[in-house]
file start38.txt (compact mmCIF, C-alpha atoms)
# COMPACT_ATOMS: atom_id res chain seq x y z
CA MET A 1 24.60 14.50 -19.81
CA ARG A 2 25.23 11.74 -22.34
CA VAL A 3 27.98 9.72 -23.94
CA GLU A 4 27.91 8.54 -27.53
CA HIS A 5 29.22 4.98 -27.12
CA TYR A 6 28.54 2.27 -24.57
CA ASP A 7 30.78 -0.67 -23.67
CA VAL A 8 28.53 -3.72 -23.81
CA MET A 9 30.83 -5.92 -21.72
CA ASP A 10 31.10 -3.25 -19.05
CA ASN A 11 27.33 -2.82 -19.01
CA LYS A 12 26.99 -6.40 -17.80
CA GLN A 13 28.45 -5.15 -14.51
CA LYS A 14 26.51 -1.89 -14.42
CA ARG A 15 22.98 -1.16 -13.29
CA LEU A 16 20.39 0.47 -15.49
CA VAL A 17 18.01 2.74 -13.59
CA ILE A 18 14.54 3.24 -15.02
CA ARG A 19 12.46 5.95 -13.36
CA VAL A 20 8.77 5.96 -14.11
CA SER A 21 5.98 8.22 -12.89
CA ARG A 22 2.51 9.00 -14.15
CA SER A 23 3.86 11.63 -16.55
CA SER A 24 7.57 10.87 -17.07
CA LEU A 25 9.98 8.12 -18.02
CA SER A 26 13.77 8.19 -17.96
CA PHE A 27 16.78 5.90 -18.21
CA SER A 28 20.09 6.35 -16.41
CA VAL A 29 23.36 4.53 -15.88
CA ALA A 30 26.67 5.40 -14.24
CA THR A 31 29.75 4.81 -16.42
CA ASP A 32 33.37 5.01 -15.32
CA SER A 33 33.55 8.69 -16.22
CA ASP A 34 30.03 9.98 -16.49
CA ILE A 35 26.34 9.64 -15.71
CA VAL A 36 24.13 8.93 -18.71
CA PHE A 37 20.63 10.36 -18.23
CA GLU A 38 18.06 10.02 -21.00
CA PRO A 39 14.56 11.41 -20.43
CA TYR A 40 12.08 9.78 -22.78
CA ALA A 41 9.58 11.94 -24.66
CA LEU A 42 6.25 10.31 -23.85
CA ASN A 43 3.48 9.91 -26.38
CA SER A 44 0.51 11.03 -24.33
CA SER A 45 -1.97 9.26 -26.65
CA ILE A 46 -0.77 5.79 -25.60
CA SER A 47 -0.28 4.04 -22.28
CA MET A 48 2.91 4.05 -20.24
CA THR A 49 3.34 0.37 -21.11
CA ALA A 50 3.14 1.16 -24.82
CA ASN A 51 5.63 3.99 -24.34
CA MET A 52 7.99 1.57 -22.59
CA ARG A 53 7.73 -0.91 -25.46
CA GLU A 54 8.51 1.86 -27.93
CA ALA A 55 11.44 3.04 -25.82
CA LEU A 56 12.86 -0.48 -25.77
CA ARG A 57 12.70 -0.50 -29.56
CA THR A 58 14.12 2.97 -30.26
CA THR A 59 16.36 4.06 -27.36
CA ALA A 60 20.03 3.21 -27.99
CA LEU A 61 20.89 2.88 -24.32
CA LEU A 62 18.25 0.18 -23.85
CA ASN A 63 19.67 -1.88 -26.71
CA GLU A 64 22.73 -2.63 -24.60
CA HIS A 65 22.81 -5.60 -22.26
CA PHE A 66 22.38 -4.87 -18.56
CA GLU A 67 22.38 -7.66 -16.02
CA ARG A 68 20.82 -5.52 -13.29
CA VAL A 69 17.92 -3.09 -13.56
CA LEU A 70 16.47 -0.90 -10.82
CA VAL A 71 13.02 0.55 -11.46
CA MET A 72 12.20 3.65 -9.42
CA VAL A 73 8.42 3.97 -9.30
CA ASP A 74 6.68 7.20 -8.44
CA SER A 75 3.13 6.24 -7.49
CA LEU A 76 0.70 6.53 -4.60
CA THR A 77 2.47 5.43 -1.43
CA LEU A 78 1.19 4.02 1.84
CA MET A 79 3.43 4.12 4.90
CA VAL A 80 3.13 1.17 7.30
CA PRO A 81 4.96 0.82 10.64
CA ALA A 82 7.40 -2.08 10.35
CA ASN A 83 5.83 -3.96 13.26
CA LEU A 84 2.41 -3.86 11.58
CA PHE A 85 3.54 -4.90 8.10
CA SER A 86 2.50 -8.27 6.72
CA GLU A 87 3.34 -9.20 3.15
CA GLU A 88 0.24 -11.42 3.04
CA GLU A 89 -1.96 -8.40 3.82
CA ARG A 90 -0.02 -5.94 1.65
CA ASP A 91 -2.43 -5.85 -1.30
CA GLN A 92 -5.49 -5.58 0.92
CA MET A 93 -4.00 -2.68 2.88
CA TYR A 94 -3.03 -0.78 -0.26
CA HIS A 95 -6.32 -1.27 -2.08
CA HIS A 96 -8.23 -0.30 1.04
CA ALA A 97 -6.32 2.99 1.18
CA PHE A 98 -6.41 3.66 -2.58
CA THR A 99 -9.44 2.57 -4.57
CA GLY A 100 -9.41 2.09 -8.33
CA GLN A 101 -5.92 0.53 -8.35
CA GLU A 102 -6.96 -3.02 -9.24
CA GLN A 103 -4.77 -3.11 -12.38
CA GLN A 104 -1.71 -2.28 -10.31
CA VAL A 105 0.77 -4.68 -8.76
CA VAL A 106 1.47 -3.72 -5.14
CA MET A 107 5.10 -3.77 -4.02
CA HIS A 108 7.00 -2.55 -0.98
CA THR A 109 10.30 -1.00 0.07
CA VAL A 110 11.63 -1.57 3.58
CA LEU A 111 13.01 1.48 5.38
CA PRO A 112 14.82 -0.07 8.36
CA ASP A 113 16.32 3.22 9.59
CA LEU A 114 12.79 4.59 9.91
CA ASN A 115 11.11 1.43 11.22
CA ALA A 116 8.68 1.60 8.32
CA VAL A 117 7.68 -0.11 5.10
CA VAL A 118 6.34 1.90 2.17
CA LEU A 119 3.81 0.30 -0.17
CA PHE A 120 3.63 1.46 -3.79
CA SER A 121 2.32 0.08 -7.06
CA ILE A 122 3.11 -0.32 -10.75
CA GLN A 123 0.93 -1.23 -13.73
CA LYS A 124 0.78 -5.00 -14.24
CA ASP A 125 1.44 -4.76 -17.97
CA LEU A 126 4.39 -2.44 -17.46
CA ARG A 127 5.94 -4.77 -14.90
CA ASN A 128 5.48 -7.71 -17.27
CA VAL A 129 7.23 -5.86 -20.11
CA LEU A 130 10.18 -5.01 -17.86
CA ASN A 131 10.45 -8.52 -16.42
CA ASP A 132 10.27 -10.02 -19.93
CA ASN A 133 13.14 -7.85 -21.17
CA TYR A 134 15.54 -7.99 -18.20
CA ASN A 135 16.71 -10.88 -16.05
CA ASP A 136 17.33 -9.14 -12.72
CA VAL A 137 14.77 -6.38 -12.11
CA ARG A 138 14.34 -4.73 -8.72
CA TYR A 139 11.65 -2.21 -7.85
CA THR A 140 11.66 0.58 -5.28
CA ALA A 141 9.60 3.62 -4.35
CA ALA A 142 11.21 6.56 -6.18
CA ILE A 143 11.20 8.78 -3.11
CA ALA A 144 12.92 6.23 -0.83
CA PRO A 145 16.48 7.61 -1.38
CA VAL A 146 15.25 11.10 -0.44
CA TRP A 147 13.65 9.88 2.77
CA ARG A 148 16.79 7.99 3.76
CA HIS A 149 19.12 10.90 3.02
CA LEU A 150 17.04 13.66 4.59
CA HIS A 151 16.36 11.50 7.64
CA GLN A 152 20.12 11.43 8.27
CA ARG A 153 20.32 15.13 7.51
CA SER A 154 17.61 15.85 10.07
CA TYR A 155 20.03 14.99 12.89
CA THR A 156 22.13 18.10 12.17
CA GLY A 157 21.30 21.01 14.45
CA GLN A 158 18.95 21.14 17.39
CA HIS A 159 15.71 22.23 15.75
CA GLN A 160 12.84 20.24 14.30
CA LYS A 161 12.73 20.18 10.48
CA LEU A 162 9.86 19.94 8.01
CA TYR A 163 10.74 18.97 4.42
CA GLY A 164 8.90 19.70 1.19
CA TYR A 165 10.09 17.76 -1.87
CA PHE A 166 8.65 18.94 -5.21
CA HIS A 167 8.52 16.58 -8.19
CA ASP A 168 6.14 15.26 -10.83
CA ARG A 169 3.58 18.03 -10.21
CA LYS A 170 3.21 17.29 -6.52
CA MET A 171 4.81 18.02 -3.17
CA GLU A 172 5.87 15.38 -0.65
CA VAL A 173 5.83 16.74 2.91
CA PHE A 174 7.53 14.84 5.73
CA SER A 175 9.23 15.21 9.07
CA PHE A 176 11.17 12.85 11.31
CA ALA A 177 11.42 12.22 15.02
CA GLN A 178 14.52 10.16 15.76
CA ASN A 179 14.12 6.86 13.88
CA ARG A 180 10.54 7.24 12.66
CA PHE A 181 8.29 9.43 10.55
CA LEU A 182 6.55 12.19 12.46
CA PHE A 183 4.52 13.09 9.35
CA CYS A 184 4.41 11.91 5.74
CA ASN A 185 1.94 12.84 3.00
CA ALA A 186 1.78 14.03 -0.62
CA PHE A 187 -0.22 16.91 -2.10
CA SER A 188 -0.99 17.94 -5.67
CA VAL A 189 0.19 21.51 -6.15
CA ASN A 190 -0.33 23.82 -9.12
CA ASN A 191 1.11 27.06 -7.76
CA PRO A 192 3.07 28.49 -4.79
CA ASN A 193 -0.11 29.42 -2.94
CA ASP A 194 -1.28 25.79 -2.90
CA ALA A 195 2.12 24.64 -1.67
CA LEU A 196 2.23 27.24 1.09
CA TYR A 197 -1.30 26.38 2.21
CA TYR A 198 -0.40 22.70 2.72
CA LEU A 199 2.99 23.44 4.29
CA LEU A 200 1.52 25.82 6.83
CA GLY A 201 -1.27 23.36 7.59
CA VAL A 202 1.25 20.63 8.39
CA TRP A 203 3.40 23.10 10.32
CA LYS A 204 0.43 23.95 12.53
CA GLN A 205 -0.58 20.28 12.91
CA LEU A 206 2.91 19.41 14.18
CA ALA A 207 2.93 22.45 16.50
CA LEU A 208 6.28 23.59 15.12
CA SER A 209 7.88 26.85 16.28
CA ALA A 210 7.76 29.72 13.81
CA GLU A 211 10.88 31.20 15.43
CA HIS A 212 13.13 28.19 15.92
CA ASP A 213 12.11 25.23 13.75
CA GLU A 214 13.09 24.91 10.09
CA LEU A 215 11.37 24.46 6.73
CA HIS A 216 13.55 22.89 4.01
CA LEU A 217 12.43 22.87 0.37
CA VAL A 218 13.99 20.84 -2.42
CA GLY A 219 13.29 19.67 -5.96
CA ASP A 220 11.53 21.18 -8.96
CA ILE A 221 9.82 24.07 -7.17
CA MET A 222 7.49 26.27 -9.16
CA GLU A 223 8.20 29.99 -8.60
CA ARG A 224 10.72 29.09 -5.93
CA GLU A 225 11.68 32.59 -4.87
CA LYS A 226 8.06 33.59 -4.47
CA LEU A 227 7.28 30.54 -2.36
CA ILE A 228 10.28 31.12 -0.09
CA GLU A 229 9.43 34.80 0.28
CA GLU A 230 5.83 34.03 1.19
CA ALA A 231 6.83 31.25 3.59
CA GLN A 232 9.20 33.60 5.40
CA ARG A 233 6.24 35.77 6.33
CA PHE A 234 5.17 32.97 8.69
CA ILE A 235 8.33 30.92 9.33
CA LYS A 236 11.65 32.51 10.20
CA ARG A 237 13.95 29.69 9.10
CA VAL A 238 13.19 28.70 5.49
CA PHE A 239 15.89 27.05 3.40
CA TYR A 240 16.29 25.81 -0.17
CA ILE A 241 18.40 22.66 -0.52
CA ASN A 242 20.68 23.23 -3.50
CA PRO A 243 21.74 19.79 -4.83
CA SER A 244 25.15 21.06 -5.97
CA GLY A 245 26.04 22.30 -2.50
CA GLU A 246 24.29 19.39 -0.79
CA PHE A 247 26.28 16.80 -2.72
CA ASN A 248 29.62 18.62 -2.87
CA ARG A 249 29.33 19.61 -6.55
CA ALA A 250 28.91 16.00 -7.71
CA ALA A 251 28.71 15.75 -11.49
CA VAL A 252 25.21 14.31 -11.31
CA THR A 253 23.90 17.60 -9.88
CA GLN A 254 24.83 19.39 -13.11
CA ILE A 255 22.50 17.27 -15.26
CA ASN A 256 19.49 19.31 -16.35
CA GLY A 257 16.13 17.76 -15.63
CA MET A 258 17.32 14.96 -13.36
CA PRO A 259 14.98 14.58 -10.35
CA TYR A 260 16.49 15.04 -6.91
CA ASP A 261 15.57 11.47 -5.91
CA LEU A 262 17.61 10.12 -8.83
CA MET A 263 20.55 12.38 -7.94
CA THR A 264 20.37 11.10 -4.37
CA LEU A 265 20.36 7.51 -5.53
CA PHE A 266 23.54 7.99 -7.58
CA VAL A 267 25.33 9.98 -4.89
CA LYS A 268 24.26 7.93 -1.87
CA GLY A 269 23.91 4.58 -3.56
CA ARG A 270 20.49 3.69 -2.17
call {"tool": "encode", "arguments": {"input": "start38.txt", "output": "C-alpha cells"}}
result
Amino acid sequence: MRVEHYDVMDNKQKRLVIRVSRSSLSFSVATDSDIVFEPYALNSSISMTANMREALRTTALLNEHFERVLVMVDSLTLMVPANLFSEEERDQMYHHAFTGQEQQVVMHTVLPDLNAVVLFSIQKDLRNVLNDNYNDVRYTAAIAPVWRHLHQRSYTGQHQKLYGYFHDRKMEVFSFAQNRFLFCNAFSVNNPNDALYYLLGVWKQLALSAEHDELHLVGDIMEREKLIEEAQRFIKRVFYINPSGEFNRAAVTQINGMPYDLMTLFVKGR
C-alpha cells in the first residue's frame, strides 16, 4: 500500500523502518492516513550493502528526510538470560555460537518482559552506509515484536502453547513459561514435511500434551492447509493466527507481502 506524495516536514517527525534479511529488503513508514510499504527488488549479483546504496539512490521514499530510522535485522540470533548478559562479552559469546561471522557487527535487543537479551548481527559495511546516511539509527532483532506480542498472548487460556513463525525461508519455534522462554530456536524449512518434523520434535522435547496443549502457526507458511492437516494427525489443537483477526482488521494487515513482524511493530508499537 503506497501513497504518491510525501510531506518532507512531516517526515522529520516520522520514523522510517528498514527491514533487512539475507534475501529481502523493504522500507516502511506510517503516515497520518496510511502505511507506506515498499519492498525493494534485490539484485542478487551484488551484496546487500551495494543493494542498499542503490536503493538510497533510486527509491523515492528514501530521498525524503527522516530524523529517526529503525532497522529491523533478520539474522542469526542468540538468546542470553538477562542475568548472564555482559555487553563486554557480547561479541565473544556470539562468535563462539556462530562461526564465520567475523565481518558482522554484533548488536543486542533487551527483552525485559522475558528476562532475556537477544544477540544478532548486521554486516559492518551495511551498518556504515546506514549510519552515514541517517542521523538517528536504531537497530533491533526483526523478530522481537513477535516475541513480545505472542508472549502476552500466551497468557490467554489455561493450556501451554507452542508457536511457529514462518518468514524468510525459515521457521522460528518458541514457547513461553510465565516471564521467560521455555524454548527458542530457528530451523530452515523447504516444505511442510520439514516444518512438521521440527515442530513435533520440539513438542516431544517439551513433553506437551497432544490432547490439551496448543500449536499456533503464523506468517508466510508454505502449503499452509497441508501443514495444518498433517499436524492435526498428532496434535488436537492446531491454530493459524490470521493477522487481520489478530489485529482487529488493522489496515496494515491488508498490505500484501508485509511480514508479520513488521505488522506487529506498526500495530503494537514495539
call {"tool": "closest_atom_pairs", "arguments": {"input": "start38.txt", "of": "range 48-89 of chain A", "to": "range 11-35 of chain A", "cutoff": "8 Å", "atoms": "all atoms listed in the file", "output": "JSON lines"}}
result
{"residue": "A:Met48", "atom": "CA", "partner": "A:Arg22", "partner_atom": "CA", "distance": 7.9}
{"residue": "A:Leu61", "atom": "CA", "partner": "A:Phe27", "partner_atom": "CA", "distance": 8.0}
{"residue": "A:Glu64", "atom": "CA", "partner": "A:Asn11", "partner_atom": "CA", "distance": 7.2}
{"residue": "A:His65", "atom": "CA", "partner": "A:Lys12", "partner_atom": "CA", "distance": 6.2}
{"residue": "A:Phe66", "atom": "CA", "partner": "A:Lys12", "partner_atom": "CA", "distance": 4.9}
{"residue": "A:Glu67", "atom": "CA", "partner": "A:Lys12", "partner_atom": "CA", "distance": 5.1}
{"residue": "A:Arg68", "atom": "CA", "partner": "A:Arg15", "partner_atom": "CA", "distance": 4.9}
{"residue": "A:Val69", "atom": "CA", "partner": "A:Leu16", "partner_atom": "CA", "distance": 4.7}
{"residue": "A:Leu70", "atom": "CA", "partner": "A:Val17", "partner_atom": "CA", "distance": 4.8}
{"residue": "A:Val71", "atom": "CA", "partner": "A:Ile18", "partner_atom": "CA", "distance": 4.7}
{"residue": "A:Met72", "atom": "CA", "partner": "A:Arg19", "partner_atom": "CA", "distance": 4.6}
{"residue": "A:Val73", "atom": "CA", "partner": "A:Val20", "partner_atom": "CA", "distance": 5.2}
{"residue": "A:Asp74", "atom": "CA", "partner": "A:Ser21", "partner_atom": "CA", "distance": 4.6}
{"residue": "A:Ser75", "atom": "CA", "partner": "A:Ser21", "partner_atom": "CA", "distance": 6.4}
call {"tool": "closest_residue", "arguments": {"input": "start38.txt", "among": "A:Met107, A:His212, A:Arg127, A:Leu265", "to": "Arg148 in chain A", "atoms": "only C-alpha atoms"}}
result
A:Leu265
call {"tool": "residues_around", "arguments": {"input": "start38.txt", "residues": "Ser188 in chain A", "least_positions_apart": "4", "cutoff": "9 Å", "atoms": "all atoms listed in the file", "output": "number ranges by chain"}}
result
A: 169-172, 194-195
call {"tool": "atom_distance", "arguments": {"input": "start38.txt", "atom1": "CA of Ala50 in chain A", "atom2": "CA of Glu38 in chain A"}}
result
17.8 Å
call {"tool": "closest_residue", "arguments": {"input": "start38.txt", "among": "A:Gln123, A:Gln205, A:Thr59, A:Gln101", "to": "Ser47 in chain A", "atoms": "only C-alpha atoms"}}
result
A:Gln123
call {"tool": "atom_distance", "arguments": {"input": "start38.txt", "atom1": "CA of Asp136 in chain A", "atom2": "CA of Phe247 in chain A"}}
result
29.2 Å
call {"tool": "atom_distance", "arguments": {"input": "start38.txt", "atom1": "CA of Tyr94 in chain A", "atom2": "CA of Leu111 in chain A"}}
result
17.2 Å
call {"tool": "closest_residue", "arguments": {"input": "start38.txt", "among": "A:Tyr139, A:Phe181, A:Tyr260, A:Tyr155", "to": "Glu246 in chain A", "atoms": "all atoms listed in the file"}}
result
A:Tyr260
call {"tool": "residues_around", "arguments": {"input": "start38.txt", "residues": "Val267 in chain A", "least_positions_apart": "4", "cutoff": "10 Å", "atoms": "all atoms listed in the file", "output": "number ranges by chain"}}
result
A: 145, 247-248, 250-253, 261-263
call {"tool": "residues_around", "arguments": {"input": "start38.txt", "residues": "Asp220 in chain A", "least_positions_apart": "6", "cutoff": "9 Å", "atoms": "only C-alpha atoms", "output": "list in words"}}
result
Tyr165, Phe166, His167, Asp168, Arg169, Gly257, Pro259 and Tyr260 of chain A
call {"tool": "closest_residue", "arguments": {"input": "start38.txt", "among": "A:Asp132, A:Asp125, A:Asp113, A:Asp91", "to": "Trp147 in chain A", "atoms": "all atoms listed in the file"}}
result
A:Asp113
call {"tool": "closest_residue", "arguments": {"input": "start38.txt", "among": "A:Lys124, A:Arg53, A:His149, A:Arg90", "to": "Gln103 in chain A", "atoms": "all atoms listed in the file"}}
result
A:Lys124
call {"tool": "closest_residue", "arguments": {"input": "start38.txt", "among": "A:Leu196, A:Val129, A:Val218, A:Ala116", "to": "Leu150 in chain A", "atoms": "only C-alpha atoms"}}
result
A:Val218
